[in-house]
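Coordinates from final.cif are shown below (mmCIF, C-alpha atoms, pLDDT in the B column; chains and numbers go by the auth columns).
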```cif
data_my_file
#
loop_
_atom_site.group_PDB
_atom_site.id
_atom_site.type_symbol
_atom_site.label_atom_id
_atom_site.label_comp_id
_atom_site.label_asym_id
_atom_site.label_seq_id
_atom_site.Cartn_x
_atom_site.Cartn_y
_atom_site.Cartn_z
_atom_site.B_iso_or_equiv
_atom_site.auth_seq_id
_atom_site.auth_asym_id
ATOM 1 C CA MET A 1 63.216 102.736 -108.820 51.00 1 V
ATOM 2 C CA LEU A 2 62.596 100.783 -112.004 46.00 2 V
ATOM 3 C CA ASN A 3 59.736 98.313 -112.340 47.00 3 V
ATOM 4 C CA SER A 4 59.874 95.102 -114.381 51.00 4 V
ATOM 5 C CA LYS A 5 59.177 97.008 -117.632 54.00 5 V
ATOM 6 C CA GLY A 6 62.070 99.342 -116.892 49.00 6 V
ATOM 7 C CA PHE A 7 64.412 96.408 -116.350 47.00 7 V
ATOM 8 C CA ASP A 8 63.146 94.785 -119.548 51.00 8 V
ATOM 9 C CA GLU A 9 64.190 97.939 -121.403 48.00 9 V
ATOM 10 C CA TRP A 10 67.538 98.107 -119.564 48.00 10 V
ATOM 11 C CA ALA A 11 68.447 94.443 -120.075 50.00 11 V
ATOM 12 C CA ALA A 12 70.414 94.871 -123.327 59.00 12 V
ATOM 13 C CA GLY A 13 72.607 97.641 -121.911 59.00 13 V
ATOM 14 C CA TYR A 14 72.681 96.608 -118.262 60.00 14 V
ATOM 15 C CA ASP A 15 76.114 94.985 -118.177 66.00 15 V
ATOM 16 C CA ALA A 16 77.724 97.945 -119.960 71.00 16 V
ATOM 17 C CA SER A 17 76.146 100.538 -117.663 72.00 17 V
ATOM 18 C CA VAL A 18 77.271 98.611 -114.587 69.00 18 V
ATOM 19 C CA ARG A 19 80.811 98.472 -115.981 63.00 19 V
ATOM 20 C CA HIS A 20 80.876 102.214 -116.660 63.00 20 V
ATOM 21 C CA SER A 21 79.800 103.104 -113.103 66.00 21 V
ATOM 22 C CA HIS A 22 82.180 100.544 -111.581 70.00 22 V
ATOM 23 C CA ASP A 23 85.198 101.662 -113.599 79.00 23 V
ATOM 24 C CA ALA A 24 84.516 105.303 -112.724 72.00 24 V
ATOM 25 C CA GLY A 25 84.307 104.409 -109.020 78.00 25 V
ATOM 26 C CA GLU A 26 80.908 106.046 -108.813 89.00 26 V
ATOM 27 C CA TYR A 27 77.655 105.322 -106.995 93.00 27 V
ATOM 28 C CA PRO A 28 75.843 102.995 -107.406 91.00 28 V
ATOM 29 C CA PHE A 29 78.215 100.341 -108.812 91.00 29 V
ATOM 30 C CA ALA A 30 81.604 101.229 -107.312 94.00 30 V
ATOM 31 C CA GLY A 31 82.891 97.999 -105.793 94.00 31 V
ATOM 32 C CA TYR A 32 80.684 95.800 -107.978 93.00 32 V
ATOM 33 C CA ASP A 33 83.484 93.383 -108.928 94.00 33 V
ATOM 34 C CA ALA A 34 84.570 92.996 -105.311 96.00 34 V
ATOM 35 C CA VAL A 35 80.979 92.276 -104.241 97.00 35 V
ATOM 36 C CA LEU A 36 80.560 89.551 -106.838 96.00 36 V
ATOM 37 C CA SER A 37 83.993 88.078 -106.167 97.00 37 V
ATOM 38 C CA LEU A 38 83.415 87.818 -102.413 98.00 38 V
ATOM 39 C CA ILE A 39 80.118 86.007 -102.886 98.00 39 V
ATOM 40 C CA GLU A 40 81.543 83.766 -105.610 98.00 40 V
ATOM 41 C CA ALA A 41 84.485 82.747 -103.406 98.00 41 V
ATOM 42 C CA ARG A 42 82.212 82.062 -100.437 98.00 42 V
ATOM 43 C CA VAL A 43 79.919 79.811 -102.466 98.00 43 V
ATOM 44 C CA ASN A 44 82.816 78.065 -104.216 98.00 44 V
ATOM 45 C CA SER A 45 84.300 77.206 -100.814 97.00 45 V
ATOM 46 C CA ARG A 46 81.582 74.541 -100.675 97.00 46 V
ATOM 47 C CA PRO A 47 81.815 72.575 -103.942 97.00 47 V
ATOM 48 C CA GLY A 48 78.436 71.462 -105.232 97.00 48 V
ATOM 49 C CA ALA A 49 76.482 73.684 -102.826 98.00 49 V
ATOM 50 C CA ASP A 50 73.042 74.501 -104.170 98.00 50 V
ATOM 51 C CA VAL A 51 72.243 78.164 -104.744 98.00 51 V
ATOM 52 C CA LEU A 52 69.111 80.296 -104.928 98.00 52 V
ATOM 53 C CA ASP A 53 69.725 83.694 -106.537 98.00 53 V
ATOM 54 C CA LEU A 54 67.121 86.409 -105.964 98.00 54 V
ATOM 55 C CA GLY A 55 67.131 89.069 -108.666 96.00 55 V
ATOM 56 C CA PHE A 56 69.775 87.410 -110.839 96.00 56 V
ATOM 57 C CA GLY A 57 69.444 89.957 -113.667 93.00 57 V
ATOM 58 C CA THR A 58 71.494 89.003 -116.703 91.00 58 V
ATOM 59 C CA GLY A 59 73.237 86.285 -114.685 94.00 59 V
ATOM 60 C CA MET A 60 76.625 87.957 -114.335 92.00 60 V
ATOM 61 C CA LEU A 61 77.363 86.165 -111.047 96.00 61 V
ATOM 62 C CA THR A 62 74.955 83.273 -111.258 97.00 62 V
ATOM 63 C CA ALA A 63 76.425 82.064 -114.551 97.00 63 V
ATOM 64 C CA ARG A 64 79.863 81.833 -112.935 97.00 64 V
ATOM 65 C CA LEU A 65 78.481 79.673 -110.134 98.00 65 V
ATOM 66 C CA TYR A 66 76.573 77.584 -112.669 98.00 66 V
ATOM 67 C CA ALA A 67 79.776 77.052 -114.671 98.00 67 V
ATOM 68 C CA ALA A 68 81.542 75.993 -111.471 98.00 68 V
ATOM 69 C CA GLY A 69 79.060 73.128 -111.078 98.00 69 V
ATOM 70 C CA HIS A 70 76.629 74.515 -108.512 98.00 70 V
ATOM 71 C CA PRO A 71 72.958 73.588 -108.918 98.00 71 V
ATOM 72 C CA VAL A 72 71.302 76.972 -109.489 98.00 72 V
ATOM 73 C CA ALA A 73 67.753 78.225 -109.039 98.00 73 V
ATOM 74 C CA GLY A 74 66.915 81.868 -109.615 98.00 74 V
ATOM 75 C CA VAL A 75 64.094 84.387 -109.451 97.00 75 V
ATOM 76 C CA ASP A 76 63.793 87.645 -111.392 96.00 76 V
ATOM 77 C CA PHE A 77 60.834 89.808 -112.363 94.00 77 V
ATOM 78 C CA SER A 78 62.136 90.884 -115.779 93.00 78 V
ATOM 79 C CA GLN A 79 61.466 88.590 -118.721 94.00 79 V
ATOM 80 C CA ASN A 80 64.244 90.146 -120.794 92.00 80 V
ATOM 81 C CA MET A 81 66.761 89.757 -117.969 91.00 81 V
ATOM 82 C CA LEU A 82 65.663 86.135 -117.566 96.00 82 V
ATOM 83 C CA ASP A 83 66.065 85.516 -121.286 95.00 83 V
ATOM 84 C CA ALA A 84 69.601 86.968 -121.209 93.00 84 V
ATOM 85 C CA ALA A 85 70.509 84.782 -118.229 95.00 85 V
ATOM 86 C CA ARG A 86 68.999 81.702 -119.850 96.00 86 V
ATOM 87 C CA THR A 87 71.504 81.900 -122.703 96.00 87 V
ATOM 88 C CA LYS A 88 74.305 81.593 -120.115 96.00 88 V
ATOM 89 C CA MET A 89 72.605 78.922 -117.962 97.00 89 V
ATOM 90 C CA PRO A 90 70.381 76.757 -120.178 96.00 90 V
ATOM 91 C CA CYS A 91 69.717 74.119 -117.506 95.00 91 V
ATOM 92 C CA ALA A 92 69.252 76.390 -114.477 97.00 92 V
ATOM 93 C CA GLU A 93 65.858 76.685 -112.756 98.00 93 V
ATOM 94 C CA LEU A 94 64.890 80.258 -113.593 98.00 94 V
ATOM 95 C CA TYR A 95 61.540 81.675 -112.508 97.00 95 V
ATOM 96 C CA LEU A 96 59.795 84.886 -113.600 97.00 96 V
ATOM 97 C CA TYR A 97 58.557 86.231 -110.261 97.00 97 V
ATOM 98 C CA ASP A 98 58.794 89.260 -107.975 96.00 98 V
ATOM 99 C CA PHE A 99 60.760 87.917 -105.009 96.00 99 V
ATOM 100 C CA THR A 100 59.786 90.894 -102.834 94.00 100 V
ATOM 101 C CA ARG A 101 56.364 89.210 -102.612 93.00 101 V
ATOM 102 C CA GLY A 102 57.861 85.894 -101.545 92.00 102 V
ATOM 103 C CA LEU A 103 59.228 82.925 -103.451 94.00 103 V
ATOM 104 C CA PRO A 104 57.411 81.262 -106.347 96.00 104 V
ATOM 105 C CA PRO A 105 55.194 78.264 -105.537 96.00 105 V
ATOM 106 C CA ALA A 106 57.590 75.967 -107.409 96.00 106 V
ATOM 107 C CA LEU A 107 60.145 76.551 -104.628 96.00 107 V
ATOM 108 C CA GLU A 108 57.767 75.831 -101.760 94.00 108 V
ATOM 109 C CA GLY A 109 59.442 73.692 -99.100 93.00 109 V
ATOM 110 C CA ARG A 110 62.896 73.888 -100.726 97.00 110 V
ATOM 111 C CA THR A 111 66.024 74.773 -98.769 98.00 111 V
ATOM 112 C CA PHE A 112 69.393 75.903 -100.088 98.00 112 V
ATOM 113 C CA ASP A 113 73.013 75.946 -98.982 98.00 113 V
ATOM 114 C CA PHE A 114 73.302 79.552 -100.157 98.00 114 V
ATOM 115 C CA ILE A 115 70.694 82.180 -100.888 98.00 115 V
ATOM 116 C CA ILE A 116 72.362 85.048 -102.705 98.00 116 V
ATOM 117 C CA SER A 117 71.254 88.385 -104.088 98.00 117 V
ATOM 118 C CA THR A 118 73.259 91.085 -105.812 96.00 118 V
ATOM 119 C CA TYR A 119 71.995 94.622 -106.358 95.00 119 V
ATOM 120 C CA ALA A 120 68.374 93.666 -105.797 95.00 120 V
ATOM 121 C CA PHE A 121 67.815 93.774 -102.014 97.00 121 V
ATOM 122 C CA HIS A 122 67.102 97.507 -102.272 96.00 122 V
ATOM 123 C CA HIS A 123 63.775 96.575 -103.876 94.00 123 V
ATOM 124 C CA VAL A 124 62.619 95.312 -100.459 97.00 124 V
ATOM 125 C CA PRO A 125 61.230 98.258 -98.453 96.00 125 V
ATOM 126 C CA ASP A 126 63.156 99.082 -95.279 97.00 126 V
ATOM 127 C CA ALA A 127 60.181 98.237 -93.078 97.00 127 V
ATOM 128 C CA GLY A 128 59.983 94.774 -94.620 97.00 128 V
ATOM 129 C CA LYS A 129 63.684 93.902 -94.625 97.00 129 V
ATOM 130 C CA PRO A 130 63.861 92.171 -91.185 97.00 130 V
ATOM 131 C CA ALA A 131 60.888 89.911 -91.895 97.00 131 V
ATOM 132 C CA PHE A 132 62.218 89.180 -95.374 97.00 132 V
ATOM 133 C CA LEU A 133 65.620 88.096 -94.024 97.00 133 V
ATOM 134 C CA LEU A 134 64.025 86.061 -91.270 97.00 134 V
ATOM 135 C CA GLU A 135 61.972 84.175 -93.853 96.00 135 V
ATOM 136 C CA LEU A 136 65.058 83.572 -96.004 97.00 136 V
ATOM 137 C CA SER A 137 66.878 82.162 -92.969 97.00 137 V
ATOM 138 C CA ARG A 138 64.160 79.514 -92.720 96.00 138 V
ATOM 139 C CA ARG A 139 64.982 78.472 -96.300 97.00 139 V
ATOM 140 C CA LEU A 140 68.619 77.686 -95.471 98.00 140 V
ATOM 141 C CA SER A 141 69.936 74.149 -95.191 97.00 141 V
ATOM 142 C CA PRO A 142 71.947 73.360 -92.024 96.00 142 V
ATOM 143 C CA GLY A 143 75.077 75.504 -92.117 95.00 143 V
ATOM 144 C CA GLY A 144 73.581 77.592 -94.905 97.00 144 V
ATOM 145 C CA GLU A 145 74.124 81.288 -95.418 98.00 145 V
ATOM 146 C CA CYS A 146 72.433 84.245 -97.091 98.00 146 V
ATOM 147 C CA LEU A 147 74.860 86.518 -98.942 98.00 147 V
ATOM 148 C CA ILE A 148 73.448 89.850 -100.054 98.00 148 V
ATOM 149 C CA GLY A 149 75.596 92.256 -102.044 98.00 149 V
ATOM 150 C CA ASP A 150 74.224 95.693 -102.803 97.00 150 V
ATOM 151 C CA VAL A 151 74.507 99.374 -102.226 97.00 151 V
ATOM 152 C CA ALA A 152 74.683 98.980 -98.449 98.00 152 V
ATOM 153 C CA PHE A 153 76.289 100.539 -95.404 98.00 153 V
ATOM 154 C CA GLU A 154 77.522 99.674 -91.927 98.00 154 V
ATOM 155 C CA THR A 155 75.947 102.760 -90.341 98.00 155 V
ATOM 156 C CA GLN A 156 73.301 105.352 -91.095 98.00 156 V
ATOM 157 C CA ALA A 157 76.051 108.016 -91.074 98.00 157 V
ATOM 158 C CA GLU A 158 77.828 106.216 -93.952 98.00 158 V
ATOM 159 C CA LEU A 159 74.591 106.093 -95.935 98.00 159 V
ATOM 160 C CA ASP A 160 73.963 109.795 -95.341 98.00 160 V
ATOM 161 C CA ALA A 161 77.501 110.679 -96.449 97.00 161 V
ATOM 162 C CA CYS A 162 77.137 108.664 -99.655 97.00 162 V
ATOM 163 C CA HIS A 163 73.762 110.293 -100.334 97.00 163 V
ATOM 164 C CA ALA A 164 75.282 113.748 -99.966 97.00 164 V
ATOM 165 C CA ALA A 165 78.213 112.885 -102.246 96.00 165 V
ATOM 166 C CA ALA A 166 75.988 111.354 -104.924 95.00 166 V
ATOM 167 C CA GLY A 167 73.772 114.427 -105.101 96.00 167 V
ATOM 168 C CA THR A 168 71.156 114.259 -107.826 95.00 168 V
ATOM 169 C CA ALA A 169 72.415 110.820 -108.935 93.00 169 V
ATOM 170 C CA TRP A 170 71.011 109.290 -105.728 96.00 170 V
ATOM 171 C CA ASP A 171 67.963 107.089 -106.352 94.00 171 V
ATOM 172 C CA CYS A 172 65.451 108.069 -103.677 93.00 172 V
ATOM 173 C CA GLY A 173 63.166 105.204 -104.730 93.00 173 V
ATOM 174 C CA GLU A 174 65.599 102.535 -103.529 96.00 174 V
ATOM 175 C CA ASP A 175 65.906 101.434 -99.886 97.00 175 V
ATOM 176 C CA TYR A 176 69.535 100.644 -99.047 98.00 176 V
ATOM 177 C CA ALA A 177 70.417 98.366 -96.148 98.00 177 V
ATOM 178 C CA VAL A 178 72.158 99.582 -92.993 98.00 178 V
ATOM 179 C CA ALA A 179 73.850 96.651 -91.273 98.00 179 V
ATOM 180 C CA GLN A 180 73.697 98.041 -87.731 98.00 180 V
ATOM 181 C CA LEU A 181 69.947 98.623 -87.985 98.00 181 V
ATOM 182 C CA LEU A 182 69.294 95.160 -89.379 98.00 182 V
ATOM 183 C CA ALA A 183 71.445 93.473 -86.726 97.00 183 V
ATOM 184 C CA GLY A 184 69.473 95.250 -84.007 97.00 184 V
ATOM 185 C CA ALA A 185 66.173 94.154 -85.533 97.00 185 V
ATOM 186 C CA LEU A 186 67.276 90.528 -85.977 97.00 186 V
ATOM 187 C CA PRO A 187 68.816 89.288 -82.712 96.00 187 V
ATOM 188 C CA SER A 188 67.888 85.693 -83.605 94.00 188 V
ATOM 189 C CA LEU A 189 70.190 85.762 -86.649 97.00 189 V
ATOM 190 C CA ARG A 190 73.946 85.946 -87.101 97.00 190 V
ATOM 191 C CA LEU A 191 74.702 88.983 -89.263 97.00 191 V
ATOM 192 C CA SER A 192 77.981 90.460 -90.459 97.00 192 V
ATOM 193 C CA PHE A 193 78.871 93.101 -93.034 98.00 193 V
ATOM 194 C CA ALA A 194 81.888 93.461 -95.336 98.00 194 V
ATOM 195 C CA ARG A 195 82.339 97.018 -96.659 98.00 195 V
ATOM 196 C CA LEU A 196 83.825 96.870 -100.169 97.00 196 V
ATOM 197 C CA SER A 197 83.522 100.459 -101.416 97.00 197 V
ATOM 198 C CA HIS A 198 82.077 103.778 -100.303 96.00 198 V
ATOM 199 C CA CYS A 199 78.665 102.572 -101.460 97.00 199 V
ATOM 200 C CA ALA A 200 78.714 98.773 -101.496 97.00 200 V
ATOM 201 C CA GLY A 201 79.147 95.753 -99.305 98.00 201 V
ATOM 202 C CA VAL A 202 78.009 92.226 -98.558 98.00 202 V
ATOM 203 C CA LEU A 203 75.661 91.201 -95.765 98.00 203 V
ATOM 204 C CA ALA A 204 76.141 87.625 -94.532 98.00 204 V
ATOM 205 C CA ILE A 205 73.212 86.156 -92.599 98.00 205 V
ATOM 206 C CA GLY A 206 72.923 82.805 -90.849 97.00 206 V
ATOM 207 C CA ARG A 207 71.125 81.239 -87.935 90.00 207 V
ATOM 208 C CA HIS A 208 72.695 81.074 -84.479 77.00 208 V
ATOM 209 C CA ASP A 209 71.413 77.496 -84.122 72.00 209 V
ATOM 210 C CA SER A 210 73.122 76.374 -87.351 64.00 210 V
ATOM 211 C CA PRO A 211 76.810 75.499 -87.794 58.00 211 V
ATOM 212 C CA GLN A 212 78.816 78.307 -89.321 58.00 212 V
ATOM 213 C CA PRO A 213 80.079 77.667 -92.880 53.00 213 V
ATOM 214 C CA VAL A 214 83.722 76.603 -92.986 49.00 214 V
#
```

What would the structure in this file look like if it were written as structure tokens?
Amino acid sequence: MLNSKGFDEWAAGYDASVRHSHDAGEYPFAGYDAVLSLIEARVNSRPGADVLDLGFGTGMLTARLYAAGHPVAGVDFSQNMLDAARTKMPCAELYLYDFTRGLPPALEGRTFDFIISTYAFHHVPDAGKPAFLLELSRRLSPGGECLIGDVAFETQAELDACHAAAGTAWDCGEDYAVAQLLAGALPSLRLSFARLSHCAGVLAIGRHDSPQPV
């Protein structure tokens, strides 16, 4: 799994490499457009909803939400990725920070209508995923929702099958989410999963004590 320096080096070619994998229908980015479109539509169903994006990268999704009029805050640990995103979103709140260690102090006490993340949740170790999602749920405004798109699976069997098919292309340094395991570990949260390709999907997380988004 790449560190911040690796993502700095990848920033210039990131969008093109994602497109190549997506268009070929290959792991890890098969279904990428569908992942982004689902999250974009969900956020846009609430005009003016404020958004926190964790691991926004070059801003491929975040910039679309920004252009649609959503107040946007974002966190990424790559300076070059942040710089690329800044050109698309000059007035967004963008913070250089490793979100797997928590949120930056500047966001202390803030809540959001949507907390989103695309192709970054795998940086959170499996053992830390339940606590991480629980903490994010506390940062949601009433009726808010976390939307996490990534290489992700409904069951462990689906993950194992994808691993076998990917062969040596599989990144053993990344921890991919399994919805059934997370749901079992988080009974206090409302969790659903939309499978969008053989290797990708969107986790939607909310609180049981909060109204469901319309």

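The two atoms in question, CA of Arg110 in chain V and CA of Val75 in chain V, are spaced 13.7 Å apart.
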
| message | For this structure, which residues satisfy the selection - the PyMOL selection byres ((chain V and resi 206) around 10) - when it is evaluated on the file as given? I want them as a ChimeraX atom specification. | response | /V:114,133-134,136-138,140,142-147,188-192,204-205,207-213

Report task. Please check which residues have atoms at most 6 Å from (78.0, 91.1, -97.6) in the file's coordinates, counting all atoms listed in the file, and write them as JSON, numbers by chain. Result -> {"V": [147, 148, 149, 193, 194, 201, 202, 203, 204]}

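For the pair CA of Arg64 in chain V and CA of Asp76 in chain V, the interatomic distance is 17.2 Å.
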
On this file, the PyMOL selection byres ((chain V and resi 198) around 12) gives some set of residues; write that set as a short mmCIF file (atom, residue, chain, number, x, y, z; two decimals) with C-alpha atoms, in the frame of the given file.
```cif
data_model
loop_
_atom_site.label_atom_id
_atom_site.label_comp_id
_atom_site.auth_asym_id
_atom_site.auth_seq_id
_atom_site.Cartn_x
_atom_site.Cartn_y
_atom_site.Cartn_z
CA HIS V 22 82.18 100.54 -111.58
CA GLY V 25 84.31 104.41 -109.02
CA GLU V 26 80.91 106.05 -108.81
CA TYR V 27 77.66 105.32 -107.00
CA PRO V 28 75.84 103.00 -107.41
CA PHE V 29 78.22 100.34 -108.81
CA ALA V 30 81.60 101.23 -107.31
CA GLY V 31 82.89 98.00 -105.79
CA TYR V 32 80.68 95.80 -107.98
CA ASP V 150 74.22 95.69 -102.80
CA VAL V 151 74.51 99.37 -102.23
CA ALA V 152 74.68 98.98 -98.45
CA PHE V 153 76.29 100.54 -95.40
CA GLU V 154 77.52 99.67 -91.93
CA THR V 155 75.95 102.76 -90.34
CA ALA V 157 76.05 108.02 -91.07
CA GLU V 158 77.83 106.22 -93.95
CA LEU V 159 74.59 106.09 -95.94
CA ASP V 160 73.96 109.80 -95.34
CA ALA V 161 77.50 110.68 -96.45
CA CYS V 162 77.14 108.66 -99.66
CA HIS V 163 73.76 110.29 -100.33
CA ALA V 165 78.21 112.88 -102.25
CA ALA V 166 75.99 111.35 -104.92
CA ALA V 194 81.89 93.46 -95.34
CA ARG V 195 82.34 97.02 -96.66
CA LEU V 196 83.82 96.87 -100.17
CA SER V 197 83.52 100.46 -101.42
CA CYS V 199 78.67 102.57 -101.46
CA ALA V 200 78.71 98.77 -101.50
CA GLY V 201 79.15 95.75 -99.30
#
```

Requested in this report: Just say which residues the PyMOL selection byres ((chain V and resi 55) around 8) picks in this file, as a list of chain:residue names.
Outcome: V:Asp53, V:Leu54, V:Phe56, V:Gly57, V:Gly74, V:Val75, V:Asp76, V:Phe77, V:Phe99, V:Ser117, V:Thr118, V:Tyr119, V:Ala120

CA of Tyr176 in chain V sits from CA of Ile116 in chain V at a separation of 16.3 Å

Q. Leaving out Ala185 in chain V and any residue of its chain fewer than 3 positions from it, which residues lie within 7 Å of it when counting only C-alpha atoms, given as a ChimeraX atom specification?
A. /V:130,181-182

What are the centre and edge lengths in Å, to one decimal, of the axis-aligned box around all listed atoms of range 185-193 of chain V with 6 Å added on each side, as AutoDock Vina command-line options?
```
--center_x 72.5 --center_y 89.9 --center_z -87.9 --size_x 24.7 --size_y 20.5 --size_z 22.3
```

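Comparing V:Asp50, V:Ala73, V:Val124, V:Ala85 by their smallest distance to Phe112 in chain V, the closest is V:Asp50 (using all atoms listed in the file).
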